[in-house]
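Engineer: Data: entry18.tsv, TSV, C-alpha atoms and all ligand atoms.
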chain	number	residue	atom	x	y	z
B	1	MET	CA	-18.87	-1.65	24.00
B	2	LYS	CA	-21.75	-3.25	22.12
B	3	ALA	CA	-21.24	-3.26	18.37
B	4	ASP	CA	-23.80	-1.35	16.34
B	5	VAL	CA	-24.47	-3.73	13.45
B	6	GLU	CA	-26.82	-1.34	11.69
B	7	LEU	CA	-24.29	1.49	11.75
B	8	THR	CA	-21.61	-0.95	10.54
B	9	ASN	CA	-23.71	-2.10	7.60
B	10	GLU	CA	-24.68	1.46	6.71
B	11	THR	CA	-21.08	2.65	6.87
B	12	GLU	CA	-19.74	-0.23	4.79
B	13	SER	CA	-22.46	0.28	2.19
B	14	PHE	CA	-21.65	3.98	2.07
B	15	VAL	CA	-17.96	3.23	1.43
B	16	ILE	CA	-18.81	0.87	-1.42
B	17	ASP	CA	-21.36	3.30	-2.88
B	18	GLN	CA	-18.66	5.98	-2.93
B	19	GLY	CA	-16.58	3.86	-5.30
B	20	ALA	CA	-14.51	1.55	-3.11
B	21	ASP	CA	-14.15	-2.13	-3.98
B	22	LEU	CA	-13.32	-3.44	-0.52
B	23	VAL	CA	-14.21	-2.48	3.03
B	24	GLY	CA	-13.62	-4.07	6.41
B	25	VAL	CA	-13.48	-3.13	10.09
B	26	ALA	CA	-10.50	-3.84	12.36
B	27	PRO	CA	-10.92	-3.52	16.12
B	28	VAL	CA	-8.03	-1.60	17.73
B	29	GLU	CA	-7.00	-4.69	19.72
B	30	ARG	CA	-5.59	-6.17	16.51
B	31	PHE	CA	-2.98	-3.38	16.42
B	32	GLN	CA	-1.51	-4.08	19.85
B	33	ASN	CA	1.74	-5.40	18.33
B	34	ALA	CA	2.19	-2.44	15.99
B	35	PRO	CA	5.13	-0.12	16.78
B	36	ALA	CA	4.46	2.28	19.64
B	37	GLY	CA	3.51	5.67	18.29
B	38	TYR	CA	1.83	4.26	15.19
B	39	ARG	CA	-1.20	2.51	16.71
B	40	PRO	CA	-4.72	3.89	16.29
B	41	ASN	CA	-4.97	4.72	20.00
B	42	ASP	CA	-1.70	6.66	19.90
B	43	TYR	CA	-3.50	9.20	17.72
B	44	MET	CA	-6.99	8.86	19.17
B	45	PRO	CA	-7.02	7.39	22.69
B	46	ASP	CA	-10.71	6.46	22.56
B	47	ALA	CA	-10.59	4.90	19.08
B	48	THR	CA	-12.46	1.62	18.91
B	49	CYS	CA	-11.72	0.49	15.37
B	50	VAL	CA	-10.24	1.23	11.97
B	51	ILE	CA	-12.24	1.09	8.75
B	52	SER	CA	-10.06	-0.21	5.92
B	53	ILE	CA	-11.02	0.91	2.43
B	54	GLY	CA	-9.61	-0.61	-0.76
B	55	ILE	CA	-9.81	0.39	-4.42
B	56	HIS	CA	-8.78	-2.09	-7.08
B	57	ILE	CA	-6.21	-1.05	-9.70
B	58	ALA	CA	-7.49	-2.31	-13.05
B	59	ASP	CA	-5.63	-5.31	-14.45
B	60	GLY	CA	-5.18	-3.61	-17.82
B	61	VAL	CA	-3.45	-0.71	-16.11
B	62	CYS	CA	-1.03	-3.04	-14.30
B	63	ASP	CA	-0.45	-5.40	-17.22
B	64	VAL	CA	0.45	-2.65	-19.70
B	65	TRP	CA	3.16	-1.32	-17.39
B	66	GLY	CA	6.59	-1.71	-18.95
B	67	GLU	CA	9.74	0.04	-20.09
B	68	TYR	CA	9.60	2.62	-22.89
B	69	THR	CA	11.76	0.25	-24.95
B	70	GLU	CA	9.13	-2.53	-24.81
B	71	PRO	CA	6.57	-2.51	-27.64
B	72	GLY	CA	2.99	-2.16	-26.45
B	73	LYS	CA	3.97	-1.06	-22.96
B	74	SER	CA	3.52	2.21	-21.12
B	75	ILE	CA	4.02	3.34	-17.56
B	76	THR	CA	1.56	6.22	-17.76
B	77	PRO	CA	-1.78	4.43	-17.13
B	78	TYR	CA	-0.35	3.06	-13.88
B	79	LEU	CA	1.09	6.40	-12.82
B	80	PHE	CA	-2.30	8.08	-13.04
B	81	TYR	CA	-5.00	5.40	-12.69
B	82	GLY	CA	-2.92	3.16	-10.45
B	83	TYR	CA	-1.54	5.87	-8.24
B	84	GLY	CA	-2.36	9.57	-8.60
B	85	LEU	CA	-6.08	9.38	-9.28
B	86	LEU	CA	-6.66	6.37	-7.05
B	87	ASN	CA	-5.09	8.07	-4.08
B	88	LEU	CA	-7.27	11.11	-4.62
B	89	GLU	CA	-10.32	8.86	-4.87
B	90	MET	CA	-9.20	7.09	-1.75
B	91	GLY	CA	-8.76	10.34	0.12
B	92	ARG	CA	-12.19	11.51	-0.99
B	93	ILE	CA	-13.93	8.33	0.18
B	94	ALA	CA	-12.12	8.27	3.54
B	95	ASN	CA	-12.83	11.96	4.11
B	96	ARG	CA	-16.55	11.57	3.35
B	97	THR	CA	-16.78	8.47	5.51
B	98	ALA	CA	-15.05	10.19	8.42
B	99	LYS	CA	-17.29	13.24	8.25
B	100	ARG	CA	-20.41	11.10	7.94
B	101	LEU	CA	-19.44	9.30	11.15
B	102	GLU	CA	-18.71	12.61	12.85
B	103	TYR	CA	-22.15	13.91	11.89
B	104	ALA	CA	-23.51	10.79	13.60
B	105	GLY	CA	-21.56	11.69	16.73
B	106	TYR	CA	-18.35	9.67	16.34
B	107	LYS	CA	-14.95	11.29	16.06
B	108	SER	CA	-13.01	10.02	13.06
B	109	LEU	CA	-9.49	10.51	11.75
B	110	THR	CA	-7.91	9.89	8.37
B	111	PHE	CA	-4.31	10.07	7.19
B	112	PRO	CA	-3.18	10.73	3.63
B	113	PRO	CA	-3.43	7.59	1.51
B	114	THR	CA	0.24	7.79	0.52
B	115	TRP	CA	2.80	10.25	-0.91
B	116	ALA	CA	5.75	11.74	0.92
B	117	ILE	CA	3.38	13.72	3.15
B	118	GLY	CA	2.54	10.48	4.96
B	119	HIS	CA	6.21	9.90	5.79
B	120	TYR	CA	6.99	13.38	7.02
B	121	ARG	CA	7.54	12.36	10.63
B	122	SER	CA	10.02	9.58	9.87
B	123	VAL	CA	12.07	11.62	7.39
B	124	GLY	CA	13.80	13.22	10.36
B	125	MET	CA	14.76	9.90	11.91
B	126	LEU	CA	18.39	8.92	12.06
B	127	ASP	CA	17.73	5.53	10.48
B	128	MET	CA	16.85	6.69	6.98
B	129	SER	CA	16.60	3.11	5.79
B	130	TYR	CA	13.21	3.13	7.52
B	131	LEU	CA	10.67	5.56	6.17
B	132	GLY	CA	7.43	4.68	7.83
B	133	ALA	CA	4.10	6.33	7.17
B	134	ASP	CA	2.25	7.83	10.11
B	135	PHE	CA	-0.24	5.00	9.82
B	136	SER	CA	0.09	1.77	7.85
B	137	HIS	CA	-2.95	1.29	5.62
B	138	ARG	CA	-1.55	-2.08	4.48
B	139	HIS	CA	-1.43	-3.44	7.99
B	140	ALA	CA	-4.88	-2.03	8.67
B	141	ALA	CA	-6.18	-3.91	5.62
B	142	ALA	CA	-4.82	-7.16	7.04
B	143	ALA	CA	-6.28	-6.31	10.45
B	144	ALA	CA	-9.67	-5.72	8.83
B	145	GLY	CA	-9.62	-9.15	7.20
B	146	LEU	CA	-9.24	-7.82	3.67
B	147	ALA	CA	-5.70	-8.98	3.02
B	148	GLU	CA	-2.58	-10.84	4.03
B	149	ILE	CA	0.87	-9.25	4.01
B	150	GLY	CA	2.79	-10.75	1.12
B	151	TRP	CA	6.51	-11.34	0.64
B	152	ASN	CA	6.67	-7.98	-1.15
B	153	GLY	CA	5.43	-6.32	2.05
B	154	LEU	CA	2.19	-5.29	0.35
B	155	ALA	CA	-1.34	-6.16	1.39
B	156	LEU	CA	-2.50	-8.97	-0.91
B	157	THR	CA	-6.21	-9.60	-1.25
B	158	PRO	CA	-7.78	-12.86	-2.40
B	159	VAL	CA	-9.59	-11.31	-5.34
B	160	PHE	CA	-7.24	-8.56	-6.48
B	161	GLY	CA	-3.86	-9.72	-5.19
B	162	ALA	CA	-1.52	-6.76	-4.82
B	163	ARG	CA	-3.56	-4.62	-7.19
B	164	VAL	CA	-5.30	-2.55	-4.57
B	165	ARG	CA	-4.70	0.78	-2.85
B	166	PHE	CA	-5.83	1.19	0.73
B	167	ASN	CA	-6.79	3.97	3.05
B	168	SER	CA	-8.10	3.93	6.60
B	169	VAL	CA	-10.48	5.76	8.90
B	170	ILE	CA	-9.73	5.60	12.61
B	171	THR	CA	-12.92	6.15	14.61
B	172	ASN	CA	-14.54	5.79	18.02
B	173	ALA	CA	-17.75	4.53	16.42
B	174	PRO	CA	-18.94	1.16	17.81
B	175	LEU	CA	-18.55	-0.79	14.57
B	176	ALA	CA	-18.69	-4.59	14.39
B	177	PRO	CA	-15.32	-6.20	13.54
B	178	SER	CA	-14.81	-8.10	10.30
B	179	PRO	CA	-13.28	-11.56	10.65
B	180	MET	CA	-9.57	-11.92	9.84
B	181	TYR	CA	-8.79	-13.55	6.50
B	182	GLU	CA	-8.43	-17.30	7.03
B	183	GLY	CA	-8.58	-18.57	3.45
B	184	PRO	CA	-5.87	-20.19	1.35
B	185	ALA	CA	-2.46	-18.52	1.27
B	186	ILE	CA	-2.58	-15.55	-1.10
B	187	CYS	CA	1.18	-15.10	-1.38
B	188	GLN	CA	2.78	-18.22	-2.84
B	189	PRO	CA	6.52	-17.59	-3.11
B	190	GLU	CA	7.31	-21.18	-4.05
B	191	ARG	CA	5.01	-20.85	-7.05
B	192	CYS	CA	6.29	-17.52	-8.40
B	193	LYS	CA	9.87	-18.01	-7.16
B	194	LYS	CA	9.64	-14.68	-5.35
B	195	LEU	CA	9.06	-12.70	-8.49
B	196	CYS	CA	8.69	-9.47	-6.52
B	197	ILE	CA	12.26	-9.78	-5.24
B	198	ARG	CA	13.67	-10.80	-8.60
B	199	GLU	CA	11.90	-7.94	-10.38
B	200	CYS	CA	13.01	-5.15	-8.05
B	201	PRO	CA	15.38	-2.97	-10.10
B	202	ALA	CA	16.92	-1.39	-7.00
B	203	GLY	CA	17.74	-4.55	-5.05
B	204	ALA	CA	15.76	-3.02	-2.22
B	205	PHE	CA	14.64	-6.23	-0.49
B	206	SER	CA	17.04	-7.68	2.05
B	207	SER	CA	18.22	-11.24	1.43
B	208	THR	CA	19.15	-11.70	5.09
B	209	GLU	CA	16.89	-9.58	7.30
B	210	ILE	CA	13.29	-10.66	7.77
B	211	ARG	CA	10.58	-8.53	9.36
B	212	GLU	CA	7.96	-10.23	11.47
B	213	VAL	CA	4.61	-8.57	12.00
B	214	VAL	CA	1.82	-9.81	14.23
B	215	ILE	CA	-1.63	-8.52	13.35
B	216	GLY	CA	-4.45	-9.84	15.47
B	217	GLU	CA	-3.81	-13.57	15.67
B	218	ARG	CA	-1.90	-13.68	12.39
B	219	ARG	CA	1.88	-13.56	11.95
B	220	PHE	CA	3.46	-12.41	8.69
B	221	GLU	CA	7.08	-12.47	7.57
B	222	TYR	CA	8.67	-10.60	4.71
B	223	PRO	CA	12.11	-9.21	3.90
B	224	LYS	CA	13.17	-5.85	5.24
B	225	LEU	CA	12.85	-3.17	2.60
B	226	ASP	CA	15.70	-0.70	2.20
B	227	MET	CA	13.67	2.45	1.59
B	228	ILE	CA	16.63	4.44	0.32
B	229	ARG	CA	17.33	1.88	-2.39
B	230	CYS	CA	13.62	1.76	-3.21
B	231	MET	CA	13.62	5.55	-3.62
B	232	TYR	CA	15.91	5.19	-6.65
B	233	GLY	CA	13.00	3.31	-8.24
B	234	ILE	CA	10.26	5.58	-6.95
B	235	PHE	CA	12.05	8.71	-8.16
B	236	ALA	CA	12.83	7.37	-11.63
B	237	LEU	CA	16.58	7.11	-11.23
B	238	VAL	CA	17.28	3.47	-11.96
B	239	LYS	CA	16.79	1.37	-15.08
B	240	GLY	CA	13.86	-0.98	-14.70
B	241	SER	CA	11.73	1.53	-12.81
B	242	GLY	CA	10.15	2.76	-16.04
B	243	SER	CA	12.60	5.65	-16.31
B	244	TYR	CA	15.07	6.78	-18.96
B	245	SER	CA	17.68	7.32	-16.24
B	246	GLY	CA	20.15	4.63	-15.36
B	247	VAL	CA	21.96	5.58	-12.18
B	248	GLU	CA	24.20	2.89	-10.73
B	249	ILE	CA	23.30	2.27	-7.09
B	250	PRO	CA	26.37	1.55	-4.94
B	251	PRO	CA	26.36	-1.93	-3.36
B	252	GLY	CA	25.33	-2.27	0.27
B	253	PRO	CA	22.74	-0.42	2.29
B	254	GLY	CA	21.18	2.63	0.69
B	255	ASP	CA	23.25	5.77	1.10
B	256	ILE	CA	21.09	8.87	1.37
B	257	ALA	CA	23.96	11.18	0.41
B	258	HIS	CA	24.45	9.24	-2.82
B	259	PHE	CA	20.71	9.30	-3.46
B	260	TRP	CA	20.66	13.13	-3.30
B	261	GLU	CA	23.78	13.37	-5.48
B	262	ALA	CA	22.20	10.98	-7.98
B	263	GLN	CA	19.51	13.57	-8.76
B	264	GLU	CA	22.16	15.40	-10.75
B	265	GLN	CA	22.52	12.38	-13.04
B	266	GLN	CA	18.82	12.14	-13.77
B	267	ASP	CA	17.78	12.09	-17.42
B	268	LEU	CA	16.05	15.37	-18.29
B	269	ARG	CA	12.96	13.53	-19.52
B	270	ASP	CA	12.51	11.96	-16.11
B	271	ARG	CA	13.23	15.23	-14.35
B	272	HIS	CA	10.56	16.91	-16.44
B	273	MET	CA	8.05	14.22	-15.47
B	274	ILE	CA	8.94	14.32	-11.80
B	275	GLU	CA	8.86	18.10	-11.55
B	276	ASN	CA	5.61	18.48	-13.42
B	277	CYS	CA	3.58	15.50	-12.37
B	278	PHE	CA	4.94	13.79	-9.28
B	279	GLY	CA	2.64	13.57	-6.34
B	280	ILE	CA	-0.92	14.43	-7.12
B	281	ILE	CA	-1.03	13.73	-10.85
B	282	CYS	CA	1.14	10.66	-10.97
B	283	GLY	CA	2.95	8.79	-8.30
B	284	ASP	CA	5.80	6.48	-7.51
B	285	PHE	CA	7.48	5.53	-10.75
B	286	CYS	CA	8.33	1.96	-10.04
B	287	GLY	CA	5.75	-0.18	-8.28
B	288	ARG	CA	7.20	-3.19	-10.06
B	289	CYS	CA	6.80	-5.32	-6.92
B	290	LEU	CA	3.08	-4.55	-7.12
B	291	HIS	CA	2.15	-4.98	-10.76
B	292	LYS	CA	4.41	-7.97	-11.42
B	293	CYS	CA	3.01	-9.93	-8.44
B	294	PRO	CA	0.80	-12.75	-9.78
B	295	ALA	CA	-1.21	-13.27	-6.58
B	296	HIS	CA	-4.42	-11.99	-8.19
B	297	LEU	CA	-4.34	-14.97	-10.56
B	298	TYR	CA	-4.31	-17.59	-7.83
B	299	TRP	CA	-7.64	-17.18	-6.09
B	300	ARG	CA	-9.76	-14.79	-8.07
B	301	LYS	CA	-12.24	-17.43	-9.17
B	302	GLY	CA	-12.20	-19.56	-6.07
B	303	ALA	CA	-11.98	-17.41	-3.02
B	304	GLY	CA	-15.00	-15.22	-3.52
B	305	GLY	CA	-14.42	-11.76	-2.20
B	306	LYS	CA	-14.84	-9.62	0.79
B	307	LYS	CA	-17.76	-7.36	1.17
B	308	GLY	CA	-18.12	-5.19	-1.87
B	309	ALA	CA	-15.59	-7.01	-4.06
B	310	LYS	CA	-16.91	-6.65	-7.55
B	311	ALA	CA	-14.77	-9.26	-9.33
B	401	LIG	S1	5.46	-11.96	-6.28
B	401	LIG	FE1	3.62	-11.84	-5.02
B	401	LIG	S2	3.01	-13.99	-4.70
B	401	LIG	FE2	5.17	-13.98	-5.37
B	401	LIG	S3	6.36	-13.97	-3.46
B	401	LIG	FE3	6.12	-11.84	-4.12
B	401	LIG	S4	4.31	-11.14	-3.00
B	401	LIG	FE4	4.26	-13.37	-2.94
B	402	LIG	S1	8.79	0.01	-5.80
B	402	LIG	FE1	10.32	-0.74	-7.25
B	402	LIG	S2	12.28	-0.21	-6.30
B	402	LIG	FE2	10.75	-0.10	-4.69
B	402	LIG	S3	10.75	-2.14	-3.75
B	402	LIG	FE3	9.14	-2.16	-5.32
B	402	LIG	S4	10.17	-2.99	-7.13
B	402	LIG	FE4	11.80	-2.31	-5.72
Go ahead and render the structure in this file as structure tokens.
Structural biologist:
Amino acid sequence: MKADVELTNETESFVIDQGADLVGVAPVERFQNAPAGYRPNDYMPDATCVISIGIHIADGVCDVWGEYTEPGKSITPYLFYGYGLLNLEMGRIANRTAKRLEYAGYKSLTFPPTWAIGHYRSVGMLDMSYLGADFSHRHAAAAAGLAEIGWNGLALTPVFGARVRFNSVITNAPLAPSPMYEGPAICQPERCKKLCIRECPAGAFSSTEIREVVIGERRFEYPKLDMIRCMYGIFALVKGSGSYSGVEIPPGPGDIAHFWEAQEQQDLRDRHMIENCFGIICGDFCGRCLHKCPAHLYWRKGAGGKKGAKA
């Protein structure tokens, strides 16, 4: 199919005008090594490409994140402006982009940007250590040339590092592909001594099991994430996640039964926050592997940006 360059430029400009900081187009061929059932064509057989949309999380919001015991720190700007609001913004932009393409005659599909809703299918799986979203926006960002997958498993961009949220629009529109990122390495574990792993308060990253992901022509490796252990951080149960609670996580692989039991030990202040705000208003408590990652400092001045990057 011949790419429509004019439609591509118009669509990318529309995404940026709606408030996104990054946009790129990934042809579906770059997803051929993704797990069966999670590829764009599994959901839309005639899909031609995926539009990846990124919104930067402000540095001030990430840098101020810290424990309630630390002077001058607060988790709340990140919870709202780094998670809740950004995901709503992201959903709004993707939804408008999808409908605009449909009005032009091209079917388009979006998934939720994040939240538990995106993991609903995998919650029923026997292997609860893997909670996969219906569609990986991070991998789509790498496929669209906006990012590399870092050692923390997040999509790292040359300008913003890990400080970006992504969403995707799967479409059968004939959009022109963006080139894959080929610049200098964005993740530099030898430089930061794997700060993301050292900072994780739940010990959620495996020290022995490595995941390998092939996206387009690029191959990325990063440690397997134990999602159950991570959930102690996300749900404000473990010290270091920004919470008052300090549940002890048993050694070894995450135990879902213990995780549910641990809710009973949650500090009432955290329970109040979770019950009143979790989801739409705020989001995952922890995110330490995101806002502690220094990748945004490495290339911000030198690497330029992708289309629409405003740094
Ligand atoms: S902290 Fe960031 S740059 Fe360092 S290893 Fe982790 S992902 Fe890579
Ligand atoms: S969100 Fe927190 S608990 Fe989960 S992997 Fe990242 S640092 Fe660890």
Engineer: Rank nothing, just name the residue among B:Trp151, B:Glu264, B:Pro251, B:His272 nearest to ligand LIG 402 (chain B), using only C-alpha atoms and all ligand atoms.
Structural biologist: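 The answer is B:Trp151, which sits nearest to ligand LIG 402 (chain B).
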Engineer: Let me make sure I understand: among B:Ser136, B:Thr114, B:Asn87, B:Thr157, which one has the smallest atom-to-atom distance to ligand LIG 401 (chain B) if we use only C-alpha atoms and all ligand atoms?
Structural biologist: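 Between B:Ser136, B:Thr114, B:Asn87, B:Thr157, the residue approaching ligand LIG 401 (chain B) most closely is B:Thr157.
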Engineer: May I have the residues within 6 Å of ligand LIG 402 (chain B), computed using all atoms listed in the file, as an MDAnalysis selection string?
Structural biologist: chainID B and resid 200:202 204 230 233:234 286:289
Engineer: At most 7 Å is the cut-off: for each residue in stretch 127-231 of chain B with any atom that close to an atom of stretch 88-100 of chain B, write down the nearest atom pair and the distance in Å rounded to one decimal, counting all atoms listed in the file, chain first then increasing number, as JSON lines.
Structural biologist:
{"residue": "B:Asn167", "atom": "CA", "partner": "B:Met90", "partner_atom": "CA", "distance": 6.2}
{"residue": "B:Ser168", "atom": "CA", "partner": "B:Ala94", "partner_atom": "CA", "distance": 6.7}
{"residue": "B:Val169", "atom": "CA", "partner": "B:Ala94", "partner_atom": "CA", "distance": 6.1}
Engineer: Near stretch 4-16 of chain B, within 6 Å and counting all atoms listed in the file, which residues show up once chain neighbours fewer than 5 positions away are dropped, as a PyMOL selection string?
Structural biologist: chain B and resi 174-176
Engineer: Can you work out which residues are within 6 Å of ligand LIG 401 (chain B), considering all atoms listed in the file, and then hand them over as a list of chain:residue names?
Structural biologist: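 These are the residues that qualify: B:Gly150, B:Trp151, B:Asn152, B:Cys187, B:Gln188, B:Pro189, B:Cys192, B:Lys194, B:Leu195, B:Cys196, B:Cys293, B:Pro294, B:Ala295.
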Engineer: Taking (14.4, -5.4, 4.4) in the file's own coordinates, collect the residues within 10 Å, counting only C-alpha atoms, and hand them back as a PyMOL selection string.
Structural biologist: chain B and resi 129-130+152-153+204-211+222-227+253
Engineer: Out of B:Met231, B:Ser245, B:Arg163, B:Tyr106, which residue has the shortest atom-to-atom distance to B:Tyr78 when counting all atoms listed in the file?
Structural biologist: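 Among the listed residues, the smallest separation from B:Tyr78 belongs to B:Arg163.
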Engineer: In Å to one decimal, how far is atom CA of B:Asp21 from atom CA of B:His137?
Structural biologist: 15.1 Å
Engineer: Any idea what the distance is between atom CA of B:Val247 and atom CA of B:Gln265?
Structural biologist: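 Calculated distance between atom CA of B:Val247 and atom CA of B:Gln265 is 6.9 Å.
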Engineer: Taking all atoms listed in the file into account, which of B:Met44, B:Ala142, B:Ala257, B:Leu156 comes nearest B:His56?
Structural biologist: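 So, comparing all the options, the nearest one is B:Leu156.
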Engineer: Could you list, as JSON, numbers by chain, every residue within 8 Å of B:Cys282, counting all atoms listed in the file and ignoring same-chain residues fewer than 2 positions away?
Structural biologist: {"B": [79, 80, 83, 84, 85, 277, 278, 279, 280, 284]}
Engineer: Mind dumping the selected residues with C-alpha atoms as a short mmCIF file (atom, residue, chain, number, x, y, z; two decimals), in the coordinates of the input?
Structural biologist:
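That gives us out.cif:
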data_model
loop_
_atom_site.label_atom_id
_atom_site.label_comp_id
_atom_site.auth_asym_id
_atom_site.auth_seq_id
_atom_site.Cartn_x
_atom_site.Cartn_y
_atom_site.Cartn_z
CA LEU B 79 1.09 6.40 -12.82
CA PHE B 80 -2.30 8.08 -13.04
CA TYR B 83 -1.54 5.87 -8.24
CA GLY B 84 -2.36 9.57 -8.60
CA LEU B 85 -6.08 9.38 -9.28
CA CYS B 277 3.58 15.50 -12.37
CA PHE B 278 4.94 13.79 -9.28
CA GLY B 279 2.64 13.57 -6.34
CA ILE B 280 -0.92 14.43 -7.12
CA ASP B 284 5.80 6.48 -7.51
#
Engineer: Nearest residue to B:Pro177 out of B:Glu148, B:Thr48, B:Thr69, B:Ile75, using only C-alpha atoms?
Structural biologist: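 Distance minimum relative to B:Pro177 lands on B:Thr48.
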Engineer: Do a neighbour search on stretch 212-221 of chain B at 7 Å with all atoms listed in the file, toss out local chain neighbours closer than 5 positions, and write the hits as a PyMOL selection string.
Structural biologist: chain B and resi 30-31+33+143+149
